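This is coords-v5.cif (mmCIF, C-alpha atoms).
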data_work
loop_
_atom_site.group_PDB
_atom_site.id
_atom_site.type_symbol
_atom_site.label_atom_id
_atom_site.label_comp_id
_atom_site.auth_asym_id
_atom_site.auth_seq_id
_atom_site.Cartn_x
_atom_site.Cartn_y
_atom_site.Cartn_z
ATOM 1 C CA MET A 104 23.050 -10.750 -11.508
ATOM 2 C CA ASP A 105 22.380 -12.408 -8.142
ATOM 3 C CA ILE A 106 20.166 -10.812 -5.490
ATOM 4 C CA GLY A 107 20.498 -11.773 -1.831
ATOM 5 C CA PHE A 108 18.827 -10.806 1.454
ATOM 6 C CA GLN A 109 20.661 -11.349 4.733
ATOM 7 C CA ASP A 110 18.660 -10.890 7.950
ATOM 8 C CA VAL A 111 16.612 -8.171 6.270
ATOM 9 C CA GLY A 112 13.867 -6.346 8.104
ATOM 10 C CA TYR A 113 11.817 -3.292 7.277
ATOM 11 C CA THR A 114 9.751 -1.164 9.646
ATOM 12 C CA TYR A 115 7.372 1.479 8.365
ATOM 13 C CA GLN A 116 7.432 4.845 10.209
ATOM 14 C CA LYS A 117 10.186 3.573 12.477
ATOM 15 C CA GLY A 118 10.552 5.545 15.705
ATOM 16 C CA THR A 119 7.023 6.939 15.612
ATOM 17 C CA PRO A 120 3.824 5.893 17.431
ATOM 18 C CA PHE A 121 2.695 4.392 14.102
ATOM 19 C CA GLU A 122 5.707 2.068 13.782
ATOM 20 C CA SER A 123 4.846 -1.171 11.979
ATOM 21 C CA LYS A 124 7.223 -4.044 11.183
ATOM 22 C CA ALA A 125 6.436 -5.378 7.687
ATOM 23 C CA ILE A 126 9.201 -7.965 7.277
ATOM 24 C CA TYR A 127 11.869 -9.457 9.551
ATOM 25 C CA ASP A 128 14.761 -11.946 9.358
ATOM 26 C CA ILE A 129 14.395 -12.284 5.591
ATOM 27 C CA ASN A 130 17.077 -14.572 4.169
ATOM 28 C CA LEU A 131 16.733 -15.494 0.524
ATOM 29 C CA SER A 132 18.704 -15.872 -2.666
ATOM 30 C CA ILE A 133 17.667 -15.166 -6.255
ATOM 31 C CA LYS A 134 20.237 -16.575 -8.628
ATOM 32 C CA ASP A 135 21.202 -15.037 -11.940
ATOM 33 C CA GLY A 136 19.285 -16.731 -14.745
ATOM 34 C CA SER A 137 16.553 -18.159 -12.516
ATOM 35 C CA PHE A 138 12.765 -17.875 -12.787
ATOM 36 C CA THR A 139 11.801 -17.284 -9.156
ATOM 37 C CA ALA A 140 8.260 -17.102 -7.807
ATOM 38 C CA ILE A 141 7.530 -15.260 -4.550
ATOM 39 C CA VAL A 142 4.175 -16.250 -3.060
ATOM 40 C CA GLY A 143 2.279 -15.539 0.121
ATOM 41 C CA HIS A 144 -1.172 -14.531 1.317
ATOM 42 C CA THR A 145 -2.196 -10.915 1.851
ATOM 43 C CA GLY A 146 -0.054 -9.340 4.544
ATOM 44 C CA SER A 147 2.805 -11.821 4.138
ATOM 45 C CA GLY A 148 5.306 -9.132 3.123
ATOM 46 C CA LYS A 149 5.445 -9.695 -0.643
ATOM 47 C CA SER A 150 5.057 -6.038 -1.596
ATOM 48 C CA THR A 151 7.709 -4.862 0.843
ATOM 49 C CA VAL A 152 10.189 -7.510 -0.312
ATOM 50 C CA LEU A 153 9.489 -6.543 -3.934
ATOM 51 C CA GLN A 154 10.401 -2.906 -3.238
ATOM 52 C CA HIS A 155 13.786 -4.000 -1.864
ATOM 53 C CA LEU A 156 14.685 -5.849 -5.063
ATOM 54 C CA ASN A 157 15.823 -2.637 -6.765
ATOM 55 C CA ALA A 158 16.299 -0.461 -3.668
ATOM 56 C CA LEU A 159 13.006 1.408 -3.896
ATOM 57 C CA LYS A 160 13.188 0.774 -0.167
ATOM 58 C CA LYS A 161 16.335 0.338 1.917
ATOM 59 C CA PRO A 162 16.256 -2.196 4.756
ATOM 60 C CA THR A 163 15.955 -0.879 8.281
ATOM 61 C CA GLU A 164 17.823 -4.023 9.380
ATOM 62 C CA GLY A 165 20.146 -6.356 7.529
ATOM 63 C CA VAL A 166 21.758 -6.272 4.101
ATOM 64 C CA VAL A 167 20.420 -6.523 0.535
ATOM 65 C CA THR A 168 22.983 -7.400 -2.133
ATOM 66 C CA ILE A 169 22.085 -6.637 -5.749
ATOM 67 C CA GLY A 170 24.878 -7.775 -8.018
ATOM 68 C CA ASP A 171 28.000 -6.129 -6.581
ATOM 69 C CA ARG A 172 26.013 -3.392 -4.814
ATOM 70 C CA VAL A 173 25.426 -3.703 -1.069
ATOM 71 C CA ILE A 174 22.378 -1.871 0.345
ATOM 72 C CA THR A 175 21.914 -1.151 4.054
ATOM 73 C CA ARG A 176 19.914 1.422 5.978
ATOM 74 C CA MET A 177 22.986 3.672 5.825
ATOM 75 C CA SER A 178 23.359 3.523 2.039
ATOM 76 C CA GLU A 179 23.180 6.821 0.214
ATOM 77 C CA ASN A 180 20.618 7.320 -2.523
ATOM 78 C CA LYS A 181 23.357 8.424 -4.907
ATOM 79 C CA GLY A 182 23.859 5.839 -7.643
ATOM 80 C CA LEU A 183 20.603 3.982 -7.066
ATOM 81 C CA LYS A 184 19.188 5.264 -10.367
ATOM 82 C CA SER A 185 21.595 3.088 -12.344
ATOM 83 C CA LEU A 186 20.714 0.117 -10.127
ATOM 84 C CA ARG A 187 17.035 0.556 -10.931
ATOM 85 C CA LYS A 188 17.910 0.368 -14.606
ATOM 86 C CA LYS A 189 19.318 -3.118 -14.024
ATOM 87 C CA VAL A 190 16.273 -4.337 -12.081
ATOM 88 C CA GLY A 191 13.047 -3.411 -13.846
ATOM 89 C CA ILE A 192 9.716 -3.732 -12.054
ATOM 90 C CA VAL A 193 6.409 -4.283 -13.819
ATOM 91 C CA PHE A 194 3.892 -3.209 -11.184
ATOM 92 C CA GLN A 195 0.349 -4.507 -10.988
ATOM 93 C CA PHE A 196 -1.837 -2.851 -13.663
ATOM 94 C CA PRO A 197 1.174 -1.109 -15.293
ATOM 95 C CA GLU A 198 -1.090 0.327 -17.995
ATOM 96 C CA ALA A 199 -2.216 2.912 -15.420
ATOM 97 C CA GLN A 200 1.245 4.505 -15.731
ATOM 98 C CA LEU A 201 0.965 5.275 -19.459
ATOM 99 C CA PHE A 202 0.824 8.993 -20.218
ATOM 100 C CA GLU A 203 2.519 9.914 -23.521
ATOM 101 C CA GLU A 204 0.586 10.829 -26.675
ATOM 102 C CA THR A 205 1.892 7.888 -28.721
ATOM 103 C CA VAL A 206 2.920 4.317 -27.954
ATOM 104 C CA GLY A 207 6.402 4.939 -29.353
ATOM 105 C CA LYS A 208 7.015 7.958 -27.127
ATOM 106 C CA ASP A 209 5.740 6.140 -24.059
ATOM 107 C CA ILE A 210 8.129 3.220 -24.560
ATOM 108 C CA ALA A 211 11.009 5.629 -25.316
ATOM 109 C CA PHE A 212 10.428 7.767 -22.202
ATOM 110 C CA GLY A 213 12.619 5.699 -19.851
ATOM 111 C CA PRO A 214 15.617 5.332 -22.195
ATOM 112 C CA LYS A 215 15.558 9.091 -22.868
ATOM 113 C CA ASN A 216 15.810 9.696 -19.108
ATOM 114 C CA PHE A 217 19.006 7.645 -19.146
ATOM 115 C CA GLY A 218 20.636 9.601 -21.956
ATOM 116 C CA MET A 219 19.291 8.190 -25.211
ATOM 117 C CA THR A 220 18.334 10.656 -27.917
ATOM 118 C CA GLU A 221 14.702 10.759 -28.981
ATOM 119 C CA LYS A 222 15.613 9.020 -32.226
ATOM 120 C CA GLU A 223 17.442 6.231 -30.393
ATOM 121 C CA GLY A 224 14.575 5.851 -27.926
ATOM 122 C CA LEU A 225 11.992 5.543 -30.695
ATOM 123 C CA GLU A 226 14.165 2.996 -32.488
ATOM 124 C CA LYS A 227 14.347 0.987 -29.272
ATOM 125 C CA ALA A 228 10.543 1.175 -29.030
ATOM 126 C CA ARG A 229 10.209 -0.068 -32.604
ATOM 127 C CA GLU A 230 12.468 -3.040 -31.820
ATOM 128 C CA LEU A 231 10.489 -3.988 -28.730
ATOM 129 C CA LEU A 232 6.967 -3.923 -30.154
ATOM 130 C CA PRO A 233 7.205 -7.411 -31.720
ATOM 131 C CA VAL A 234 8.798 -8.721 -28.504
ATOM 132 C CA VAL A 235 5.586 -7.881 -26.623
ATOM 133 C CA GLY A 236 3.331 -9.137 -29.401
ATOM 134 C CA LEU A 237 2.530 -5.830 -31.146
ATOM 135 C CA ASP A 238 3.508 -4.652 -34.628
ATOM 136 C CA GLU A 239 5.062 -1.424 -35.897
ATOM 137 C CA THR A 240 1.676 0.108 -36.706
ATOM 138 C CA PHE A 241 1.240 0.742 -32.967
ATOM 139 C CA MET A 242 4.109 3.269 -32.888
ATOM 140 C CA GLU A 243 1.934 6.300 -33.711
ATOM 141 C CA ARG A 244 -1.226 5.161 -31.971
ATOM 142 C CA SER A 245 -2.398 6.682 -28.723
ATOM 143 C CA PRO A 246 -1.987 4.221 -25.850
ATOM 144 C CA PHE A 247 -5.396 5.298 -24.605
ATOM 145 C CA ASP A 248 -7.088 3.978 -27.753
ATOM 146 C CA LEU A 249 -5.830 0.443 -27.114
ATOM 147 C CA SER A 250 -7.452 -2.490 -25.364
ATOM 148 C CA GLY A 251 -6.471 -3.205 -21.761
ATOM 149 C CA GLY A 252 -4.267 -6.110 -22.813
ATOM 150 C CA GLN A 253 -2.522 -4.039 -25.473
ATOM 151 C CA MET A 254 -1.937 -1.196 -23.004
ATOM 152 C CA ARG A 255 -0.326 -3.660 -20.611
ATOM 153 C CA ARG A 256 2.018 -4.878 -23.354
ATOM 154 C CA VAL A 257 3.051 -1.275 -24.102
ATOM 155 C CA ALA A 258 3.795 -0.678 -20.418
ATOM 156 C CA ILE A 259 5.883 -3.861 -20.286
ATOM 157 C CA ALA A 260 7.788 -2.736 -23.386
ATOM 158 C CA GLY A 261 8.573 0.504 -21.558
ATOM 159 C CA VAL A 262 10.261 -1.467 -18.768
ATOM 160 C CA LEU A 263 12.105 -3.710 -21.239
ATOM 161 C CA ALA A 264 13.382 -0.607 -23.051
ATOM 162 C CA MET A 265 15.610 0.041 -20.038
ATOM 163 C CA GLU A 266 17.404 -3.241 -20.866
ATOM 164 C CA PRO A 267 17.160 -4.688 -17.335
ATOM 165 C CA GLU A 268 19.093 -7.770 -16.258
ATOM 166 C CA VAL A 269 16.334 -8.708 -13.802
ATOM 167 C CA LEU A 270 12.615 -8.329 -14.477
ATOM 168 C CA VAL A 271 10.322 -8.246 -11.427
ATOM 169 C CA LEU A 272 6.645 -8.934 -12.123
ATOM 170 C CA ASP A 273 4.020 -7.901 -9.568
ATOM 171 C CA GLU A 274 0.859 -9.931 -10.274
ATOM 172 C CA PRO A 275 1.391 -9.356 -14.025
ATOM 173 C CA THR A 276 -1.760 -11.233 -15.096
ATOM 174 C CA ALA A 277 -4.199 -9.485 -12.731
ATOM 175 C CA GLY A 278 -7.485 -8.751 -14.446
ATOM 176 C CA LEU A 279 -6.734 -10.841 -17.554
ATOM 177 C CA ASP A 280 -8.833 -13.730 -18.844
ATOM 178 C CA PRO A 281 -7.213 -17.220 -18.969
ATOM 179 C CA GLN A 282 -6.084 -16.830 -22.597
ATOM 180 C CA GLY A 283 -4.628 -13.374 -21.964
ATOM 181 C CA ARG A 284 -2.886 -14.655 -18.850
ATOM 182 C CA LYS A 285 -1.261 -17.505 -20.760
ATOM 183 C CA GLU A 286 -0.121 -15.204 -23.578
ATOM 184 C CA ILE A 287 1.505 -12.760 -21.144
ATOM 185 C CA MET A 288 3.200 -15.516 -19.136
ATOM 186 C CA ASP A 289 4.446 -17.244 -22.297
ATOM 187 C CA MET A 290 5.939 -13.913 -23.364
ATOM 188 C CA PHE A 291 7.808 -13.562 -20.066
ATOM 189 C CA HIS A 292 8.998 -17.164 -20.275
ATOM 190 C CA SER A 293 10.308 -16.488 -23.773
ATOM 191 C CA LEU A 294 12.280 -13.501 -22.452
ATOM 192 C CA TYR A 295 13.675 -15.747 -19.725
ATOM 193 C CA LYS A 296 14.693 -18.475 -22.162
ATOM 194 C CA ASN A 297 15.770 -16.483 -25.209
ATOM 195 C CA LYS A 298 17.050 -13.211 -23.741
ATOM 196 C CA GLY A 299 18.626 -14.607 -20.571
ATOM 197 C CA LEU A 300 16.585 -12.373 -18.272
ATOM 198 C CA THR A 301 16.313 -13.283 -14.614
ATOM 199 C CA ILE A 302 12.593 -13.280 -13.759
ATOM 200 C CA VAL A 303 11.040 -12.695 -10.331
ATOM 201 C CA LEU A 304 7.303 -13.391 -10.313
ATOM 202 C CA VAL A 305 5.247 -12.134 -7.361
ATOM 203 C CA THR A 306 1.904 -13.890 -7.618
ATOM 204 C CA HIS A 307 -0.902 -15.836 -6.013
ATOM 205 C CA GLN A 308 -1.514 -17.832 -9.232
ATOM 206 C CA MET A 309 -0.120 -21.239 -8.316
ATOM 207 C CA ASP A 310 -0.732 -22.621 -11.818
ATOM 208 C CA ASP A 311 1.680 -19.981 -13.162
ATOM 209 C CA VAL A 312 4.265 -20.896 -10.533
ATOM 210 C CA ALA A 313 4.014 -24.569 -11.497
ATOM 211 C CA ALA A 314 4.181 -23.921 -15.232
ATOM 212 C CA TYR A 315 7.051 -21.439 -15.336
ATOM 213 C CA ALA A 316 9.138 -21.134 -12.144
ATOM 214 C CA ASP A 317 12.217 -23.153 -11.206
ATOM 215 C CA HIS A 318 12.581 -21.588 -7.740
ATOM 216 C CA MET A 319 9.905 -20.711 -5.186
ATOM 217 C CA ILE A 320 9.933 -18.585 -2.038
ATOM 218 C CA VAL A 321 6.968 -18.753 0.351
ATOM 219 C CA LEU A 322 6.428 -15.766 2.661
ATOM 220 C CA GLY A 323 4.229 -15.757 5.720
ATOM 221 C CA GLY A 324 3.800 -13.295 8.550
ATOM 222 C CA GLY A 325 6.596 -11.105 7.232
ATOM 223 C CA THR A 326 9.345 -13.702 6.857
ATOM 224 C CA VAL A 327 10.457 -16.607 4.665
ATOM 225 C CA MET A 328 8.666 -19.849 5.535
ATOM 226 C CA LYS A 329 10.054 -22.081 2.771
ATOM 227 C CA GLU A 330 12.361 -21.811 -0.212
ATOM 228 C CA GLY A 331 13.072 -24.437 -2.854
ATOM 229 C CA HIS A 332 11.936 -26.023 -6.107
ATOM 230 C CA PRO A 333 8.176 -25.709 -6.732
ATOM 231 C CA ARG A 334 7.856 -29.482 -7.168
ATOM 232 C CA ASP A 335 9.155 -30.077 -3.633
ATOM 233 C CA ILE A 336 7.034 -27.358 -2.025
ATOM 234 C CA PHE A 337 3.839 -28.385 -3.830
ATOM 235 C CA GLN A 338 4.195 -31.867 -2.331
ATOM 236 C CA GLU A 339 3.202 -30.303 0.993
ATOM 237 C CA THR A 340 -0.460 -29.715 0.230
ATOM 238 C CA ASP A 341 -1.637 -29.619 3.858
ATOM 239 C CA TRP A 342 1.065 -27.139 4.818
ATOM 240 C CA LEU A 343 0.222 -24.854 1.889
ATOM 241 C CA THR A 344 -3.427 -24.960 2.906
ATOM 242 C CA SER A 345 -2.466 -23.993 6.458
ATOM 243 C CA MET A 346 -0.614 -21.005 4.946
ATOM 244 C CA GLN A 347 -3.818 -19.948 3.153
ATOM 245 C CA LEU A 348 -2.259 -20.876 -0.184
ATOM 246 C CA GLY A 349 -3.538 -23.206 -2.843
ATOM 247 C CA VAL A 350 -1.847 -25.753 -5.069
ATOM 248 C CA PRO A 351 -1.828 -25.909 -8.877
ATOM 249 C CA SER A 352 -4.851 -27.578 -10.457
ATOM 250 C CA THR A 353 -2.585 -30.322 -11.866
ATOM 251 C CA VAL A 354 -1.230 -31.142 -8.404
ATOM 252 C CA ARG A 355 -4.704 -31.160 -6.883
ATOM 253 C CA PHE A 356 -5.992 -33.516 -9.592
ATOM 254 C CA ALA A 357 -2.942 -35.773 -9.240
ATOM 255 C CA HIS A 358 -3.573 -36.103 -5.496
ATOM 256 C CA GLU A 359 -7.225 -36.975 -6.181
ATOM 257 C CA LEU A 360 -6.130 -39.720 -8.586
ATOM 258 C CA GLU A 361 -3.605 -41.016 -6.054
ATOM 259 C CA GLU A 362 -6.332 -41.314 -3.451
ATOM 260 C CA LYS A 363 -8.906 -42.881 -5.776
ATOM 261 C CA PHE A 364 -6.721 -45.323 -7.691
ATOM 262 C CA LYS A 365 -3.780 -45.716 -5.281
ATOM 263 C CA TRP A 366 -1.455 -44.393 -7.969
ATOM 264 C CA THR A 367 1.916 -42.845 -7.277
ATOM 265 C CA PHE A 368 3.108 -39.944 -9.406
ATOM 266 C CA ASP A 369 6.875 -39.639 -9.675
ATOM 267 C CA PRO A 370 7.800 -36.920 -10.272
ATOM 268 C CA LEU A 371 4.806 -34.864 -9.145
ATOM 269 C CA PRO A 372 3.239 -33.407 -12.328
ATOM 270 C CA LEU A 373 3.292 -29.614 -12.372
ATOM 271 C CA THR A 374 1.891 -28.975 -15.859
ATOM 272 C CA THR A 375 -1.036 -30.431 -17.777
ATOM 273 C CA ASP A 376 1.413 -32.022 -20.249
ATOM 274 C CA ASP A 377 3.247 -33.753 -17.381
ATOM 275 C CA LEU A 378 -0.025 -34.952 -15.894
ATOM 276 C CA ALA A 379 -1.422 -36.216 -19.218
ATOM 277 C CA ARG A 380 1.789 -38.105 -20.002
ATOM 278 C CA GLN A 381 1.875 -39.865 -16.642
ATOM 279 C CA ILE A 382 -1.832 -40.759 -16.764
ATOM 280 C CA LYS A 383 -1.348 -42.231 -20.237
ATOM 281 C CA GLU A 384 1.606 -44.291 -18.982
ATOM 282 C CA LYS A 385 -0.438 -45.642 -16.083
ATOM 283 C CA LEU A 386 -3.470 -46.492 -18.218
ATOM 284 C CA THR A 387 -1.338 -48.351 -20.770
ATOM 285 C CA SER A 388 0.667 -50.191 -18.124
ATOM 286 C CA LYS A 389 -1.193 -53.262 -16.901
ATOM 287 C CA GLY A 390 -4.541 -51.614 -17.578
ATOM 288 C CA GLY A 391 -3.945 -48.861 -15.027
ATOM 289 C CA GLU A 392 -3.224 -51.145 -12.076
ATOM 290 C CA ARG A 393 -1.397 -49.832 -9.059
ATOM 291 C CA SER A 394 2.094 -48.636 -9.950
#
Show how you would write the structure in this file as structure tokens.
Amino acid sequence: MDIGFQDVGYTYQKGTPFESKAIYDINLSIKDGSFTAIVGHTGSGKSTVLQHLNALKKPTEGVVTIGDRVITRMSENKGLKSLRKKVGIVFQFPEAQLFEETVGKDIAFGPKNFGMTEKEGLEKARELLPVVGLDETFMERSPFDLSGGQMRRVAIAGVLAMEPEVLVLDEPTAGLDPQGRKEIMDMFHSLYKNKGLTIVLVTHQMDDVAAYADHMIVLGGGTVMKEGHPRDIFQETDWLTSMQLGVPSTVRFAHELEEKFKWTFDPLPLTTDDLARQIKEKLTSKGGERS
């Protein structure tokens, strides 16, 4: 399911003395089956754009197209519930939204709201536990007796239980250690590859963008500054710095090697495996002479 923004703007408290324009002239495209990263510094408009991805907010200007549904400021709220089933959002620190007495019931809550019986909802929960790295013994446990990482996995399972076509992730690794971050991101990448989910990752973690995304949108000052493949955008180190954004550690190290040894990396390495392979090739080719 494709998502598109055409000349989209959103103004908070429009028509009041407290009117504030959050985004303007947003034009972007998120293709079905893509892994898209949306990045930008604080105040760039990421959160407002995110809330338009499943019509939590309707644009005050322009048009948002979600699949075959067209959303404008005049759109009625009727029917948006089914749309939000298709586009699931995992908000930052989703574990804070857990409230049921057991893990199984918490995961089943959303499906039951959309017409599943309790039995069907619990069966769906049981199916999803291994998908998020938990086993069936968690079904009867209280979510409040779990570790922070386990609680986050339960919350993610609750979103997946709605069987979305698009999964939007708002800083999904916030507060996790490096190992926990990798495990969560690998899980999302597996869903992207094996389940055919379209993934939208809203993040400031450039290493995650480099390792997982195939499409990148850079926001700044409330509008789109650049859109393209991460490899192309990460070539522009000085520009990213001017936008108060970093570059992946692999890209930074590659640029340091280019400067020190006059090497040329082609293509620009985005992952540690890419970087290690190219360094090995250079060191075994003419003793690491300029190439």
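At a cut-off of 7 Å from (16.0, 0.7, -20.8), the residue set is Lys188, Gly213, Pro214, Val262, Leu263, Ala264, Met265, Glu266 and Pro267 of chain A (counting all atoms listed in the file).
Of the listed residues A:Val303, A:Tyr127, A:Leu231, A:Met254, the one whose atoms come nearest to Asn157 in chain A is A:Val303, with distances taken using only C-alpha atoms.
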Selection near Asn180 in chain A, 10 Å with all atoms listed in the file, sequence-local residues under 2 positions removed, as a PDB file with C-alpha atoms, in the coordinates of the input:
ATOM      1  CA  ALA A 158      16.299  -0.461  -3.668  1.00  0.00           C
ATOM      2  CA  LEU A 159      13.006   1.408  -3.896  1.00  0.00           C
ATOM      3  CA  LYS A 161      16.335   0.338   1.917  1.00  0.00           C
ATOM      4  CA  ILE A 174      22.378  -1.871   0.345  1.00  0.00           C
ATOM      5  CA  MET A 177      22.986   3.672   5.825  1.00  0.00           C
ATOM      6  CA  SER A 178      23.359   3.523   2.039  1.00  0.00           C
ATOM      7  CA  GLY A 182      23.859   5.839  -7.643  1.00  0.00           C
ATOM      8  CA  LEU A 183      20.603   3.982  -7.066  1.00  0.00           C
ATOM      9  CA  LYS A 184      19.188   5.264 -10.367  1.00  0.00           C
TER      10      LYS A 184
END
All residues 10 Å or closer to Asp209 in chain A, all atoms listed in the file, same chain fewer than 4 positions away omitted, as a ChimeraX atom specification:
/A:200-205,213,224-225,228,242,245-246,257-258,260-261
Apply the PyMOL selection byres ((chain A and resi 276) around 9) to the structure shown and report the selected residues as a list in words.
Gln195, Phe196, Asp273, Glu274, Pro275, Ala277, Gly278, Leu279, Asp280, Pro281, Gly283, Arg284, Lys285, Ile287, Met288, Thr306 and Gln308 of chain A
Among listed residues A:Gly218, A:Gly146, A:Gly236, A:Gly191, nearest Leu272 in chain A (using only C-alpha atoms):
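Closest to Leu272 in chain A, using only C-alpha atoms: A:Gly191.
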Compile the contact shell of Thr353 in chain A as a PyMOL selection string: residues with an atom at most 9 Å away, counting all atoms listed in the file, same-chain residues fewer than 4 positions apart removed.
chain A and resi 310+313+357-358+372-375+377-378
Between CA of Glu330 in chain A and CA of Ala314 in chain A, what is the distance in Å, rounded to a tenth?
17.2 Å
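With CA of Phe212 in chain A on one side and CA of Gly252 in chain A on the other, the separation reads 20.2 Å.
With all atoms listed in the file as the atoms that count, the minimum distance from Lys365 in chain A to the choices A:Ala140, A:Ile210, A:Lys385, A:Gln338 is reached by A:Lys385.
Closest approach to Val350 in chain A among A:Leu156, A:Ala379, A:Ile336, A:Val234 is made by A:Ile336 (distances from all atoms listed in the file).
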Residues at most 12 Å from Ile302 in chain A, counting all atoms listed in the file, excluding those fewer than 3 positions away in the same chain, as a PyMOL selection string?
chain A and resi 104-106+133-141+156+190-193+267-273+275+288+290-296+298-299+305+312+315-319
Go through A:Thr168, A:Ser250, A:Thr220, A:Thr326 one by one, measure the shortest atom-to-atom distance of each to Lys124 in chain A using all atoms listed in the file, and give the residue with the smallest value.
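Closest to Lys124 in chain A, using all atoms listed in the file: A:Thr326.
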Running the PyMOL selection byres ((chain A and resi 382) around 12) on this model by hand, what would come out? Give it as a PyMOL selection string.
chain A and resi 353+356-357+360-361+364+366-369+371-372+375-381+383-388+390-394
Calculate how many Å separate CA of Gly170 in chain A from CA of Val142 in chain A, rounding to one decimal.
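Here the two named atoms are 22.9 Å from each other.
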Reference answer for the PyMOL selection byres ((chain A and resi 131) around 8), as a PyMOL selection string:
chain A and resi 107-109+129-130+132-133+320+327+330
Next, the residues of the selection above should be written as a PDB file, in the coordinates of the input with C-alpha atoms.
ATOM      1  CA  GLY A 107      20.498 -11.773  -1.831  1.00  0.00           C
ATOM      2  CA  PHE A 108      18.827 -10.806   1.454  1.00  0.00           C
ATOM      3  CA  GLN A 109      20.661 -11.349   4.733  1.00  0.00           C
ATOM      4  CA  ILE A 129      14.395 -12.284   5.591  1.00  0.00           C
ATOM      5  CA  ASN A 130      17.077 -14.572   4.169  1.00  0.00           C
ATOM      6  CA  SER A 132      18.704 -15.872  -2.666  1.00  0.00           C
ATOM      7  CA  ILE A 133      17.667 -15.166  -6.255  1.00  0.00           C
ATOM      8  CA  ILE A 320       9.933 -18.585  -2.038  1.00  0.00           C
ATOM      9  CA  VAL A 327      10.457 -16.607   4.665  1.00  0.00           C
ATOM     10  CA  GLU A 330      12.361 -21.811  -0.212  1.00  0.00           C
TER      11      GLU A 330
END
Counting only C-alpha atoms, what is within 10 Å of Gly143 in chain A, bar same-chain residues fewer than 4 positions away, as a PyMOL selection string?
chain A and resi 147-149+305-307+320-328+343+346-348
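Counting only C-alpha atoms, the residue from A:Ile169, A:Ile259, A:Leu304, A:Ile126 that sits nearest to Ala211 in chain A is A:Ile259.
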Taking N, CA and C atoms as the atom set, what does range 272-286 of chain A look like once completed, written as a tab-separated table (two decimals), in the frame of the given file?
chain	number	residue	atom	x	y	z
A	272	LEU	N	8.03	-9.00	-11.66
A	272	LEU	CA	6.64	-8.93	-12.12
A	272	LEU	C	5.71	-9.01	-10.92
A	273	ASP	N	4.94	-7.96	-10.70
A	273	ASP	CA	4.02	-7.90	-9.57
A	273	ASP	C	2.61	-8.23	-10.06
A	274	GLU	N	2.18	-9.48	-9.83
A	274	GLU	CA	0.86	-9.93	-10.27
A	274	GLU	C	0.61	-9.50	-11.72
A	275	PRO	N	1.46	-9.91	-12.67
A	275	PRO	CA	1.39	-9.36	-14.02
A	275	PRO	C	0.15	-9.76	-14.82
A	276	THR	N	-0.58	-10.79	-14.35
A	276	THR	CA	-1.76	-11.23	-15.10
A	276	THR	C	-3.06	-10.80	-14.43
A	277	ALA	N	-2.99	-9.93	-13.44
A	277	ALA	CA	-4.20	-9.48	-12.73
A	277	ALA	C	-5.19	-8.87	-13.70
A	278	GLY	N	-6.43	-9.32	-13.62
A	278	GLY	CA	-7.48	-8.75	-14.45
A	278	GLY	C	-7.59	-9.33	-15.85
A	279	LEU	N	-6.70	-10.26	-16.21
A	279	LEU	CA	-6.73	-10.84	-17.55
A	279	LEU	C	-7.53	-12.14	-17.56
A	280	ASP	N	-8.14	-12.45	-18.71
A	280	ASP	CA	-8.83	-13.73	-18.84
A	280	ASP	C	-7.79	-14.84	-19.01
A	281	PRO	N	-8.20	-16.13	-18.91
A	281	PRO	CA	-7.21	-17.22	-18.97
A	281	PRO	C	-6.32	-17.19	-20.21
A	282	GLN	N	-6.89	-16.87	-21.38
A	282	GLN	CA	-6.08	-16.83	-22.60
A	282	GLN	C	-5.07	-15.68	-22.54
A	283	GLY	N	-5.53	-14.52	-22.08
A	283	GLY	CA	-4.63	-13.37	-21.96
A	283	GLY	C	-3.53	-13.64	-20.95
A	284	ARG	N	-3.88	-14.32	-19.86
A	284	ARG	CA	-2.89	-14.66	-18.85
A	284	ARG	C	-1.81	-15.57	-19.42
A	285	LYS	N	-2.23	-16.58	-20.18
A	285	LYS	CA	-1.26	-17.50	-20.76
A	285	LYS	C	-0.35	-16.79	-21.76
A	286	GLU	N	-0.92	-15.91	-22.57
A	286	GLU	CA	-0.12	-15.20	-23.58
A	286	GLU	C	0.94	-14.33	-22.91
